[in-house]
>>> print(open('query_21.cif').read())   # mmCIF, C-alpha atoms and all ligand atoms
data_run
loop_
_atom_site.label_atom_id
_atom_site.label_comp_id
_atom_site.auth_asym_id
_atom_site.auth_seq_id
_atom_site.Cartn_x
_atom_site.Cartn_y
_atom_site.Cartn_z
CA MET A 1 32.09 -63.40 9.84
CA LYS A 2 28.84 -61.50 9.44
CA ALA A 3 27.55 -58.09 10.45
CA ILE A 4 23.83 -58.11 11.02
CA LYS A 5 21.24 -55.39 11.41
CA PHE A 6 17.72 -55.63 12.83
CA GLY A 7 15.05 -53.10 12.00
CA GLY A 8 12.54 -51.63 14.42
CA THR A 9 9.78 -54.21 13.93
CA SER A 10 12.23 -56.96 14.88
CA MET A 11 12.92 -55.16 18.17
CA SER A 12 9.36 -54.14 18.98
CA THR A 13 8.09 -56.84 21.37
CA VAL A 14 9.50 -59.39 23.80
CA ASP A 15 8.63 -62.18 21.35
CA SER A 16 10.31 -60.49 18.41
CA VAL A 17 13.45 -59.75 20.46
CA ASN A 18 13.54 -63.40 21.47
CA ALA A 19 13.30 -64.32 17.77
CA VAL A 20 16.20 -61.96 17.09
CA LYS A 21 18.21 -63.53 19.89
CA LYS A 22 17.67 -66.97 18.41
CA ILE A 23 18.69 -65.84 14.92
CA ILE A 24 21.94 -64.38 16.27
CA LEU A 25 22.84 -67.30 18.50
CA ASP A 26 22.02 -69.85 15.79
CA ASP A 27 25.03 -68.75 13.79
CA PRO A 28 28.37 -68.08 15.56
CA GLU A 29 29.44 -66.05 12.52
CA ARG A 30 26.91 -63.37 13.52
CA ARG A 31 29.21 -61.36 15.75
CA TYR A 32 28.46 -57.68 15.17
CA VAL A 33 24.87 -56.62 15.57
CA VAL A 34 23.33 -53.22 14.81
CA VAL A 35 19.81 -52.37 15.96
CA SER A 36 17.09 -49.83 15.31
CA ALA A 37 14.83 -48.56 18.06
CA PRO A 38 11.70 -50.66 18.76
CA GLY A 39 9.11 -50.15 16.04
CA LYS A 40 5.34 -49.94 15.91
CA THR A 41 3.14 -52.52 17.59
CA ALA A 42 -0.64 -52.97 17.54
CA ASP A 43 -1.04 -50.26 20.16
CA GLU A 44 2.23 -48.38 20.35
CA ARG A 45 3.99 -45.94 18.03
CA LYS A 46 7.58 -46.34 16.86
CA VAL A 47 9.95 -45.38 19.67
CA THR A 48 11.66 -42.86 17.37
CA ASP A 49 8.30 -41.15 16.75
CA MET A 50 7.64 -41.14 20.49
CA LEU A 51 11.04 -39.49 21.00
CA ILE A 52 10.24 -36.85 18.39
CA SER A 53 7.21 -36.00 20.53
CA VAL A 54 9.53 -35.74 23.54
CA TYR A 55 11.71 -33.28 21.60
CA GLU A 56 8.69 -31.25 20.53
CA ALA A 57 7.31 -30.94 24.05
CA SER A 58 8.19 -27.89 26.15
CA PRO A 59 11.35 -28.34 28.27
CA GLU A 60 9.18 -28.83 31.40
CA GLN A 61 7.00 -31.44 29.68
CA ARG A 62 9.80 -33.49 28.15
CA VAL A 63 10.46 -35.63 31.20
CA LYS A 64 6.78 -36.54 31.41
CA GLU A 65 6.67 -37.42 27.69
CA PHE A 66 9.79 -39.52 28.08
CA SER A 67 8.16 -41.60 30.81
CA VAL A 68 6.06 -43.29 28.10
CA VAL A 69 9.27 -44.31 26.32
CA SER A 70 10.97 -45.48 29.51
CA ALA A 71 7.89 -47.51 30.49
CA ARG A 72 8.05 -49.28 27.13
CA PHE A 73 11.71 -50.18 27.59
CA GLU A 74 11.04 -51.32 31.14
CA ARG A 75 8.35 -53.71 29.93
CA LEU A 76 10.71 -55.10 27.30
CA ALA A 77 13.57 -55.52 29.78
CA TYR A 78 11.24 -57.23 32.25
CA GLY A 79 9.94 -59.63 29.58
CA LEU A 80 13.50 -60.47 28.60
CA GLY A 81 14.43 -61.31 32.19
CA LEU A 82 16.83 -58.41 32.75
CA PRO A 83 17.25 -57.03 36.31
CA GLN A 84 14.59 -54.58 37.48
CA ASN A 85 17.00 -51.68 37.77
CA PHE A 86 18.62 -52.43 34.40
CA PHE A 87 17.89 -49.03 32.83
CA ASP A 88 18.03 -46.88 36.02
CA GLU A 89 21.37 -45.22 35.34
CA ASP A 90 20.57 -44.50 31.69
CA PHE A 91 17.09 -43.18 32.43
CA ASN A 92 18.58 -40.84 35.05
CA ALA A 93 21.21 -39.54 32.67
CA ILE A 94 18.68 -39.03 29.85
CA THR A 95 16.12 -37.39 32.13
CA GLN A 96 18.72 -34.96 33.39
CA ALA A 97 19.83 -34.06 29.89
CA LEU A 98 16.30 -33.73 28.43
CA PRO A 99 15.35 -30.11 29.22
CA SER A 100 18.25 -28.69 27.19
CA ALA A 101 18.92 -31.63 24.81
CA ASP A 102 18.86 -31.17 21.04
CA TYR A 103 16.90 -33.19 18.44
CA ASP A 104 19.68 -35.61 17.51
CA TYR A 105 20.45 -36.59 21.08
CA ILE A 106 16.82 -37.20 21.95
CA VAL A 107 15.85 -39.23 18.85
CA SER A 108 18.98 -41.36 19.10
CA ARG A 109 18.13 -42.62 22.60
CA GLY A 110 15.81 -45.29 21.18
CA GLU A 111 18.67 -47.06 19.42
CA TYR A 112 21.00 -46.48 22.38
CA LEU A 113 18.67 -48.13 24.91
CA CYS A 114 17.66 -50.88 22.53
CA ALA A 115 21.27 -51.89 21.83
CA LYS A 116 22.06 -51.91 25.56
CA MET A 117 19.12 -54.19 26.17
CA LEU A 118 19.97 -56.62 23.39
CA ALA A 119 23.65 -56.73 24.35
CA ALA A 120 22.74 -57.70 27.91
CA THR A 121 20.24 -60.29 26.69
CA LEU A 122 22.85 -61.90 24.44
CA GLY A 123 25.86 -61.50 26.71
CA PHE A 124 27.60 -59.45 23.96
CA ASP A 125 29.53 -56.21 24.55
CA PHE A 126 27.66 -52.95 24.10
CA VAL A 127 29.61 -50.40 22.04
CA ASP A 128 28.16 -46.89 21.78
CA ALA A 129 27.90 -45.71 18.17
CA ALA A 130 29.06 -42.26 19.34
CA THR A 131 32.53 -43.75 19.79
CA LEU A 132 32.57 -45.37 16.32
CA ILE A 133 30.69 -43.31 13.75
CA LYS A 134 32.04 -39.86 13.14
CA PHE A 135 30.62 -36.64 11.73
CA ARG A 136 32.32 -33.33 11.07
CA ASP A 137 30.12 -30.25 11.16
CA ASN A 138 27.03 -32.43 10.74
CA VAL A 139 28.41 -34.22 7.68
CA TYR A 140 29.23 -37.91 7.97
CA ASP A 141 33.02 -38.40 7.76
CA ASP A 142 33.55 -41.74 6.04
CA ASP A 143 37.34 -41.93 6.07
CA TYR A 144 37.71 -41.01 9.72
CA THR A 145 34.87 -43.35 10.68
CA GLU A 146 36.53 -46.24 8.91
CA THR A 147 39.72 -45.80 10.93
CA VAL A 148 38.00 -45.17 14.27
CA CYS A 149 35.56 -48.03 13.78
CA LYS A 150 38.25 -50.55 12.87
CA ILE A 151 40.27 -49.73 15.98
CA GLY A 152 37.20 -49.44 18.20
CA LEU A 153 35.77 -52.83 17.31
CA LYS A 154 39.03 -54.77 17.38
CA LYS A 155 38.76 -55.16 21.14
CA HIS A 156 35.30 -56.70 20.93
CA LYS A 157 34.76 -60.24 19.72
CA ARG A 158 30.99 -59.85 19.78
CA ALA A 159 29.16 -56.58 20.08
CA VAL A 160 25.81 -54.86 19.78
CA ILE A 161 25.95 -51.33 18.42
CA PRO A 162 23.08 -48.83 18.22
CA GLY A 163 22.16 -47.77 14.68
CA PHE A 164 21.16 -44.34 13.39
CA TYR A 165 23.72 -42.02 15.01
CA GLY A 166 27.33 -41.16 15.73
CA SER A 167 29.06 -38.09 17.12
CA ASP A 168 30.95 -35.06 15.85
CA GLN A 169 34.36 -33.54 16.64
CA ASN A 170 32.90 -31.92 19.79
CA GLY A 171 31.37 -35.15 21.07
CA ARG A 172 27.83 -34.04 20.19
CA VAL A 173 25.49 -36.83 19.06
CA VAL A 174 24.55 -36.54 15.36
CA ALA A 175 21.80 -38.66 13.79
CA PHE A 176 21.48 -39.84 10.20
CA SER A 177 18.22 -39.24 8.35
CA ARG A 178 15.26 -41.50 9.18
CA GLY A 179 15.94 -45.16 8.53
CA GLY A 180 19.65 -44.49 9.01
CA SER A 181 20.39 -47.65 11.00
CA ASP A 182 20.80 -49.38 7.63
CA ILE A 183 23.76 -47.07 6.98
CA SER A 184 25.21 -47.81 10.44
CA GLY A 185 24.97 -51.54 9.72
CA ALA A 186 26.83 -51.11 6.44
CA ILE A 187 29.56 -49.04 8.11
CA ILE A 188 30.06 -51.67 10.81
CA ALA A 189 30.08 -54.47 8.19
CA ARG A 190 32.91 -52.75 6.37
CA ALA A 191 34.86 -51.94 9.57
CA VAL A 192 34.93 -55.57 10.69
CA ASN A 193 35.55 -56.78 7.15
CA ALA A 194 32.43 -58.93 7.20
CA SER A 195 31.86 -61.49 4.47
CA LEU A 196 28.17 -60.57 4.47
CA TYR A 197 25.92 -57.78 5.74
CA GLU A 198 22.61 -59.34 6.78
CA ASN A 199 19.80 -56.85 7.06
CA PHE A 200 16.79 -58.30 8.87
CA THR A 201 13.51 -56.55 8.32
CA ASP A 202 9.80 -57.38 8.23
CA VAL A 203 9.41 -58.10 4.51
CA ASP A 204 10.68 -60.99 2.39
CA GLY A 205 12.91 -58.79 0.22
CA PHE A 206 12.75 -56.48 -2.80
CA MET A 207 9.79 -57.11 -5.06
CA THR A 208 9.84 -57.22 -8.85
CA CYS A 209 7.11 -54.56 -8.76
CA ASP A 210 4.81 -52.88 -6.24
CA PRO A 211 2.52 -55.76 -5.12
CA ARG A 212 -0.31 -53.31 -4.35
CA ILE A 213 -0.48 -52.58 -8.08
CA VAL A 214 0.77 -55.85 -9.54
CA PRO A 215 -0.53 -58.59 -7.20
CA HIS A 216 1.57 -61.40 -8.68
CA ALA A 217 4.84 -59.50 -8.11
CA SER A 218 7.47 -61.76 -6.57
CA VAL A 219 10.59 -61.39 -4.43
CA ILE A 220 13.79 -60.78 -6.38
CA ASP A 221 16.38 -63.35 -5.38
CA ILE A 222 19.44 -61.38 -6.42
CA LEU A 223 20.25 -57.81 -7.47
CA THR A 224 23.39 -55.80 -8.07
CA TYR A 225 24.11 -52.61 -6.14
CA LYS A 226 23.54 -50.65 -9.34
CA GLU A 227 20.13 -52.15 -9.91
CA LEU A 228 19.25 -51.52 -6.30
CA ARG A 229 20.20 -47.84 -6.62
CA GLU A 230 17.83 -47.44 -9.55
CA LEU A 231 15.00 -49.16 -7.70
CA ALA A 232 15.57 -47.38 -4.40
CA TYR A 233 15.49 -44.07 -6.22
CA MET A 234 12.10 -44.96 -7.60
CA GLY A 235 10.76 -45.58 -4.13
CA ALA A 236 11.47 -49.27 -3.49
CA ASN A 237 12.37 -48.42 0.08
CA VAL A 238 13.33 -51.65 1.82
CA LEU A 239 16.80 -50.25 2.52
CA HIS A 240 17.99 -46.69 3.18
CA PRO A 241 19.38 -45.60 -0.23
CA GLU A 242 22.69 -44.44 1.26
CA SER A 243 23.37 -47.72 2.99
CA ILE A 244 24.94 -49.23 -0.10
CA PHE A 245 27.99 -47.00 -0.25
CA PRO A 246 30.09 -48.28 2.67
CA VAL A 247 29.65 -51.94 1.74
CA ARG A 248 30.06 -51.34 -1.98
CA LYS A 249 33.48 -49.85 -1.29
CA ALA A 250 34.50 -53.14 0.34
CA ASN A 251 32.68 -55.50 -2.06
CA ILE A 252 30.52 -56.92 0.72
CA PRO A 253 27.17 -58.40 -0.36
CA ILE A 254 23.98 -57.49 1.51
CA HIS A 255 21.31 -60.04 2.29
CA ILE A 256 17.80 -58.74 3.06
CA LEU A 257 15.97 -61.24 5.27
CA ASN A 258 12.68 -61.40 7.14
CA THR A 259 12.86 -61.90 10.92
CA PHE A 260 9.29 -63.17 10.87
CA ASN A 261 9.58 -65.56 7.94
CA ARG A 262 12.71 -67.61 8.23
CA ASN A 263 11.70 -69.78 5.28
CA ALA A 264 11.91 -66.88 2.86
CA GLN A 265 15.10 -66.77 0.82
CA GLY A 266 15.31 -62.99 0.91
CA THR A 267 17.07 -60.75 -1.60
CA LYS A 268 20.83 -60.81 -2.02
CA ILE A 269 22.48 -57.62 -3.23
CA VAL A 270 25.87 -58.21 -4.79
CA PRO A 271 28.59 -55.74 -5.75
CA THR A 272 28.90 -56.46 -9.47
CA GLU A 273 27.46 -58.40 -12.35
CA ASP A 274 30.31 -60.91 -12.00
CA PHE A 275 28.55 -62.30 -8.95
CA LEU A 276 25.57 -63.23 -11.12
CA LYS A 277 27.37 -65.22 -13.75
CA GLY A 278 26.12 -68.70 -14.34
CA LYS A 279 24.37 -69.00 -10.99
CA TYR A 280 20.93 -67.66 -11.53
CA GLU A 281 19.01 -69.35 -14.33
CA ARG A 282 16.06 -67.04 -14.08
CA ARG A 283 18.22 -63.98 -14.54
CA LYS A 284 19.87 -65.42 -17.62
CA LYS A 285 16.52 -65.54 -19.35
CA MET A 286 15.25 -62.17 -18.20
CA PRO A 287 16.33 -58.84 -19.59
CA ILE A 288 14.51 -57.11 -16.73
CA THR A 289 15.04 -57.55 -13.00
CA ALA A 290 12.36 -55.22 -11.69
CA ILE A 291 10.06 -52.35 -12.55
CA ALA A 292 9.48 -49.49 -10.14
CA GLY A 293 8.04 -46.04 -10.38
CA ARG A 294 6.93 -42.86 -8.68
CA LYS A 295 4.29 -40.26 -9.35
CA ASP A 296 4.38 -36.47 -9.05
CA PHE A 297 7.26 -35.26 -11.14
CA TYR A 298 7.30 -32.05 -13.19
CA ALA A 299 8.78 -31.81 -16.68
CA LEU A 300 9.98 -28.45 -18.00
CA TYR A 301 10.16 -28.49 -21.79
CA ILE A 302 12.56 -25.91 -23.27
CA ASP A 303 12.79 -25.44 -27.03
CA LYS A 304 15.10 -23.19 -29.06
CA SER A 305 16.25 -23.41 -32.67
CA MET A 306 19.92 -24.15 -32.99
CA MET A 307 20.11 -24.95 -29.28
CA ASN A 308 22.67 -27.63 -30.03
CA SER A 309 25.21 -25.12 -31.32
CA GLU A 310 24.69 -22.55 -28.57
CA ILE A 311 27.63 -23.13 -26.23
CA GLY A 312 26.58 -23.15 -22.56
CA PHE A 313 22.83 -23.45 -23.28
CA ILE A 314 22.27 -26.50 -21.10
CA ARG A 315 24.53 -25.18 -18.36
CA ASN A 316 22.70 -21.84 -18.29
CA ALA A 317 19.31 -23.54 -18.10
CA LEU A 318 20.43 -25.91 -15.36
CA SER A 319 22.08 -23.16 -13.32
CA CYS A 320 18.53 -21.85 -12.65
CA PHE A 321 17.64 -25.17 -11.02
CA GLU A 322 20.78 -24.90 -8.94
CA ARG A 323 19.85 -21.37 -7.87
CA PHE A 324 16.43 -22.56 -6.73
CA ASP A 325 17.98 -25.59 -5.03
CA ILE A 326 15.91 -28.01 -7.09
CA PRO A 327 17.55 -31.39 -7.75
CA VAL A 328 17.33 -32.42 -11.41
CA GLU A 329 16.25 -36.02 -11.97
CA HIS A 330 16.53 -36.51 -15.75
CA ILE A 331 17.35 -34.45 -18.81
CA PRO A 332 16.18 -36.12 -22.01
CA SER A 333 17.19 -33.86 -24.90
CA GLY A 334 16.85 -33.45 -28.65
CA ILE A 335 18.72 -31.24 -31.11
CA ASP A 336 16.62 -28.17 -30.46
CA SER A 337 14.98 -29.02 -27.18
CA MET A 338 15.53 -30.39 -23.75
CA THR A 339 13.23 -31.49 -20.98
CA VAL A 340 14.23 -31.18 -17.37
CA VAL A 341 12.44 -33.56 -15.04
CA PHE A 342 12.29 -32.78 -11.32
CA SER A 343 10.17 -33.59 -8.27
CA ALA A 344 7.03 -31.46 -7.85
CA VAL A 345 7.60 -28.02 -6.26
CA ALA A 346 5.25 -25.29 -4.99
CA ASP A 347 3.48 -23.20 -7.68
CA ASP A 348 5.28 -19.95 -6.86
CA VAL A 349 8.67 -21.71 -7.05
CA ALA A 350 7.72 -23.24 -10.42
CA ASN A 351 6.68 -19.81 -11.77
CA ASP A 352 9.88 -18.14 -10.56
CA LEU A 353 11.91 -20.97 -12.06
CA ILE A 354 10.26 -20.57 -15.47
CA SER A 355 10.94 -16.80 -15.43
CA ALA A 356 14.57 -17.44 -14.50
CA VAL A 357 15.05 -20.00 -17.31
CA LYS A 358 13.43 -17.63 -19.83
CA LYS A 359 15.84 -14.90 -18.80
CA ALA A 360 18.85 -17.23 -18.82
CA VAL A 361 18.40 -18.90 -22.23
CA ASN A 362 15.70 -16.92 -24.05
CA PRO A 363 13.89 -20.01 -25.42
CA ASP A 364 11.48 -20.05 -28.38
CA HIS A 365 9.07 -22.04 -26.31
CA ILE A 366 8.89 -23.17 -22.70
CA SER A 367 6.16 -25.16 -20.97
CA LEU A 368 5.71 -27.02 -17.73
CA THR A 369 3.92 -30.35 -17.54
CA LYS A 370 2.75 -31.36 -14.11
CA ASP A 371 1.58 -34.77 -12.90
CA VAL A 372 4.28 -36.83 -14.59
CA ALA A 373 4.92 -40.33 -13.30
CA LEU A 374 8.27 -41.99 -13.98
CA ILE A 375 8.71 -45.71 -14.36
CA ALA A 376 12.13 -47.36 -14.32
CA ILE A 377 12.62 -50.67 -16.06
CA VAL A 378 15.78 -52.03 -14.50
CA GLY A 379 18.07 -54.92 -15.32
CA HIS A 380 21.61 -55.69 -16.45
CA GLY A 381 20.14 -58.17 -18.90
CA MET A 382 18.88 -55.46 -21.25
CA ARG A 383 22.41 -54.50 -22.24
CA SER A 384 22.95 -57.63 -24.25
CA ARG A 385 19.48 -57.74 -25.81
CA PRO A 386 18.23 -55.45 -28.51
CA GLY A 387 14.59 -54.42 -28.45
CA THR A 388 13.86 -53.93 -24.74
CA ALA A 389 12.86 -50.29 -25.19
CA ALA A 390 10.86 -51.15 -28.32
CA ARG A 391 8.91 -53.79 -26.42
CA ALA A 392 8.14 -51.39 -23.59
CA ILE A 393 7.01 -48.64 -25.93
CA SER A 394 4.81 -50.82 -28.09
CA ARG A 395 3.21 -52.41 -25.04
CA LEU A 396 2.30 -48.98 -23.71
CA SER A 397 0.98 -47.93 -27.09
CA ASN A 398 -1.14 -51.10 -27.35
CA ALA A 399 -2.58 -50.25 -23.95
CA GLU A 400 -3.31 -46.73 -25.31
CA ILE A 401 -1.06 -45.09 -22.79
CA ASN A 402 0.55 -41.90 -23.94
CA LEU A 403 4.32 -41.95 -23.46
CA ARG A 404 5.51 -38.50 -22.45
CA MET A 405 9.19 -39.12 -22.17
CA ILE A 406 11.78 -41.85 -22.56
CA ASP A 407 15.33 -41.80 -21.26
CA GLN A 408 17.88 -44.56 -21.38
CA GLY A 409 20.96 -44.00 -19.24
CA ALA A 410 24.38 -44.58 -20.73
CA SER A 411 24.90 -47.50 -18.34
CA GLU A 412 22.10 -49.34 -20.17
CA ILE A 413 20.72 -50.89 -17.05
CA ASN A 414 17.60 -48.78 -16.94
CA ILE A 415 15.03 -47.24 -19.19
CA ILE A 416 12.97 -44.44 -17.71
CA LEU A 417 9.50 -43.91 -19.11
CA GLY A 418 7.36 -40.88 -18.32
CA VAL A 419 3.57 -41.21 -18.35
CA SER A 420 0.86 -39.11 -16.76
CA ASN A 421 0.03 -39.73 -13.11
CA ASP A 422 -3.37 -41.05 -14.15
CA ASP A 423 -1.84 -43.73 -16.37
CA PHE A 424 0.75 -44.81 -13.80
CA GLU A 425 -0.90 -47.96 -12.42
CA ARG A 426 -2.07 -49.15 -15.86
CA ALA A 427 1.40 -48.66 -17.27
CA LEU A 428 3.00 -50.71 -14.48
CA VAL A 429 0.58 -53.55 -15.09
CA ALA A 430 1.12 -53.42 -18.86
CA LEU A 431 4.91 -53.42 -18.56
CA ASN A 432 4.82 -56.32 -16.13
CA GLY A 433 2.68 -58.20 -18.59
CA GLU A 434 5.20 -57.54 -21.33
CA PHE A 435 8.30 -58.64 -19.45
CA GLU A 436 6.60 -61.28 -17.30
CA ILE A 437 8.81 -60.62 -14.33
N1 LIG A 501 14.77 -45.49 14.36
C1 LIG A 501 15.12 -44.62 13.29
C2 LIG A 501 13.89 -44.34 12.43
O1 LIG A 501 12.79 -44.74 12.80
C3 LIG A 501 16.26 -45.16 12.48
C4 LIG A 501 16.05 -46.54 11.89
O2 LIG A 501 15.13 -47.25 12.25
O3 LIG A 501 16.83 -46.91 11.03
O4 LIG A 501 14.01 -43.72 11.41
#
>>> encode(input="query_21.cif", output="structure tokens", more="lines below")
Ligand code: ASP
Amino acid sequence: MKAIKFGGTSMSTVDSVNAVKKIILDDPERRYVVVSAPGKTADERKVTDMLISVYEASPEQRVKEFSVVSARFERLAYGLGLPQNFFDEDFNAITQALPSADYDYIVSRGEYLCAKMLAATLGFDFVDAATLIKFRDNVYDDDYTETVCKIGLKKHKRAVIPGFYGSDQNGRVVAFSRGGSDISGAIIARAVNASLYENFTDVDGFMTCDPRIVPHASVIDILTYKELRELAYMGANVLHPESIFPVRKANIPIHILNTFNRNAQGTKIVPTEDFLKGKYERRKKMPITAIAGRKDFYALYIDKSMMNSEIGFIRNALSCFERFDIPVEHIPSGIDSMTVVFSAVADDVANDLISAVKKAVNPDHISLTKDVALIAIVGHGMRSRPGTAARAISRLSNAEINLRMIDQGASEINIILGVSNDDFERALVALNGEFEI
């Protein structure tokens, strides 16, 4: 049996909801459905963005702002042939709560109403995510959710569940971060022990590279969770990066599919390399699965003679990043030097950080390079093939691109290359040319 999630674009118009309905009813295995709130159309904003405006309005204005959202749902319900008073009770309850409601409650109403509408259209049960997905003090509680969800869904043979939110120990609605319905879908897939988590969106799948920079980039047919993590981190944002964890725990593959292009094969994301064996000819030949990158990192270079024998040097330097609450992305290091790569921060924070590191480790030399772009070359295939890094480096050097940093993780499924922001696009094109992905 399959758990299936539809993103906002799939739920945005009467036609797209009808397409969704057809997809679900075409396959009796598709029994548990998770939905986002209706997305953008030619002349309307995403419902979640509209709801953020409701939240930001003054308490007296909120009801008026919400009427734009309710009108949109009414049009959808009408187009889908639902009774005229279908949303009356819910609209009343929401309107009454609005003046004193908090952010999470208000933004979650898009998913709530959307799931109710789809459940009625399909003749499936509606199950409120607040009864299934559990938070404790604003932190998602995975173990408790797993138990509650399993019990809660047992009674329902077919159900539609709103994505994006759950509730805490006091019954208060708590939302995930933006795009969080992907996580809800993964949680539901694990709870019902699905054989597959289908995630329907509006693109054909993950691309081998950013098609705006490399026009001949193609859709990747199959990826492992690990490869996906590396790519998602570098900004390939088809799926919410946290949505992998619940399904990975249960070894459930994810299939990214396009609601609007049913001929596309999509991208399958499988738990381990074992799933790849023998099946995918193209992957056997290719050391690289995809190349992705992001601009605007900073690199702090710290140099001190005999650094390697100074116990606690790295810890002392990194504790400054912790104090300033700056996540560290990479730490390539040499015998007497280390570079700490992190996402760009404000100038005053960068200056304070440098002073703190100087005080903590008393370096011989310290300097900050701004405008660093990182490119990840990702693929399990590189582990068994010598020379992948050498090929990447010499290709960049032939293209006269200065390589500022190179870091290969111990897992040997990625090589991270640092170039300047200005060289970013050229480097992506050159690397694609080298690996012909
Ligand atoms: N509707 C929410 C958002 O726009 C959650 C989601 O779509 O996953 O972020």
>>> residues_around(input="query_21.cif", residues="segment 92-108 of chain A", least_positions_apart="2", cutoff="8 Å", atoms="only C-alpha atoms", output="list of chain:residue names")
A:Thr48, A:Leu51, A:Ile52, A:Val54, A:Tyr55, A:Pro59, A:Glu60, A:Arg62, A:Val63, A:Phe66, A:Asp88, A:Glu89, A:Asp90, A:Gly110, A:Glu111, A:Tyr112, A:Phe164, A:Tyr165, A:Arg172, A:Val173, A:Val174, A:Ala175
>>> residues_around(input="query_21.cif", residues="Gln408 of chain A", least_positions_apart="4", cutoff="9 Å", atoms="all atoms listed in the file", output="list in words")
Pro332, Ala389, Glu412, Ile413, Asn414, Ile415, Ile416 and Leu417 of chain A
>>> write_last_selection(input="query_21.cif", atoms="C-alpha atoms", output="PDB file, in the coordinates of the input")
ATOM      1  CA  PRO A 332      16.180 -36.120 -22.010  1.00  0.00           C
ATOM      2  CA  ALA A 389      12.860 -50.290 -25.190  1.00  0.00           C
ATOM      3  CA  GLU A 412      22.100 -49.340 -20.170  1.00  0.00           C
ATOM      4  CA  ILE A 413      20.720 -50.890 -17.050  1.00  0.00           C
ATOM      5  CA  ASN A 414      17.600 -48.780 -16.940  1.00  0.00           C
ATOM      6  CA  ILE A 415      15.030 -47.240 -19.190  1.00  0.00           C
ATOM      7  CA  ILE A 416      12.970 -44.440 -17.710  1.00  0.00           C
ATOM      8  CA  LEU A 417       9.500 -43.910 -19.110  1.00  0.00           C
TER       9      LEU A 417
END
>>> residues_near_ligand(input="query_21.cif", ligand="ligand LIG 501 (chain A)", cutoff="12 Å", atoms="only C-alpha atoms and all ligand atoms", output="PyMOL selection string")
chain A and resi 5-12+34-40+45-52+104+106-115+162-165+175-186+199-201+237-243
>>> closest_residue(input="query_21.cif", among="A:Ala346, A:Ile288, A:Val68, A:Ile326", to="Ala392 of chain A", atoms="only C-alpha atoms")
A:Ile288
>>> atom_distance(input="query_21.cif", atom1="atom CA of Glu434 of chain A", atom2="atom CA of Ala390 of chain A")
11.0 Å
>>> atom_distance(input="query_21.cif", atom1="atom CA of Phe245 of chain A", atom2="atom CA of Lys226 of chain A")
10.8 Å
>>> atom_distance(input="query_21.cif", atom1="atom CA of Ile188 of chain A", atom2="atom CA of Thr121 of chain A")
20.6 Å
>>> closest_residue(input="query_21.cif", among="A:Gly312, A:Asp143, A:Leu300, A:Phe321", to="Met338 of chain A", atoms="all atoms listed in the file")
A:Leu300
>>> residues_around(input="query_21.cif", residues="segment 215-223 of chain A", least_positions_apart="2", cutoff="7 Å", atoms="all atoms listed in the file", output="list in words")
Asp204, Gly205, Phe206, Met207, Thr208, Cys209, Asp210, Pro211, Arg212, Ile213, Tyr225, Glu227, Leu228, Gly266, Thr267, Lys268, Ile269 and Val270 of chain A
>>> residues_near_point(input="query_21.cif", point="(33.3, -47.0, 13.1)", cutoff="10 Å", atoms="only C-alpha atoms", output="list in words")
Ala129, Ala130, Thr131, Leu132, Ile133, Lys134, Asp142, Asp143, Tyr144, Thr145, Glu146, Thr147, Val148, Cys149, Lys150, Ile151, Gly152, Leu153, Gly166, Ser184, Ile187, Ile188, Ala189, Arg190, Ala191 and Val192 of chain A
>>> residues_near_point(input="query_21.cif", point="(29.4, -58.3, 12.6)", cutoff="6 Å", atoms="only C-alpha atoms", output="list in words")
Lys2, Ala3, Ile4, Arg30, Arg31, Tyr32, Val33 and Ala189 of chain A
>>> residues_around(input="query_21.cif", residues="Leu396 of chain A", least_positions_apart="3", cutoff="10 Å", atoms="all atoms listed in the file", output="number ranges by chain")
A: 390-393, 399-403, 417, 419, 423, 426-431, 434
>>> closest_residue(input="query_21.cif", among="A:Val345, A:Ile256, A:Val340, A:Ala232", to="Asp202 of chain A", atoms="only C-alpha atoms")
A:Ile256
>>> closest_residue(input="query_21.cif", among="A:Met1, A:Val14, A:Ile377, A:Asn170", to="Asp27 of chain A", atoms="all atoms listed in the file")
A:Met1
>>> closest_residue(input="query_21.cif", among="A:Pro363, A:Pro28, A:Gly293, A:Gly171", to="Lys157 of chain A", atoms="only C-alpha atoms")
A:Pro28
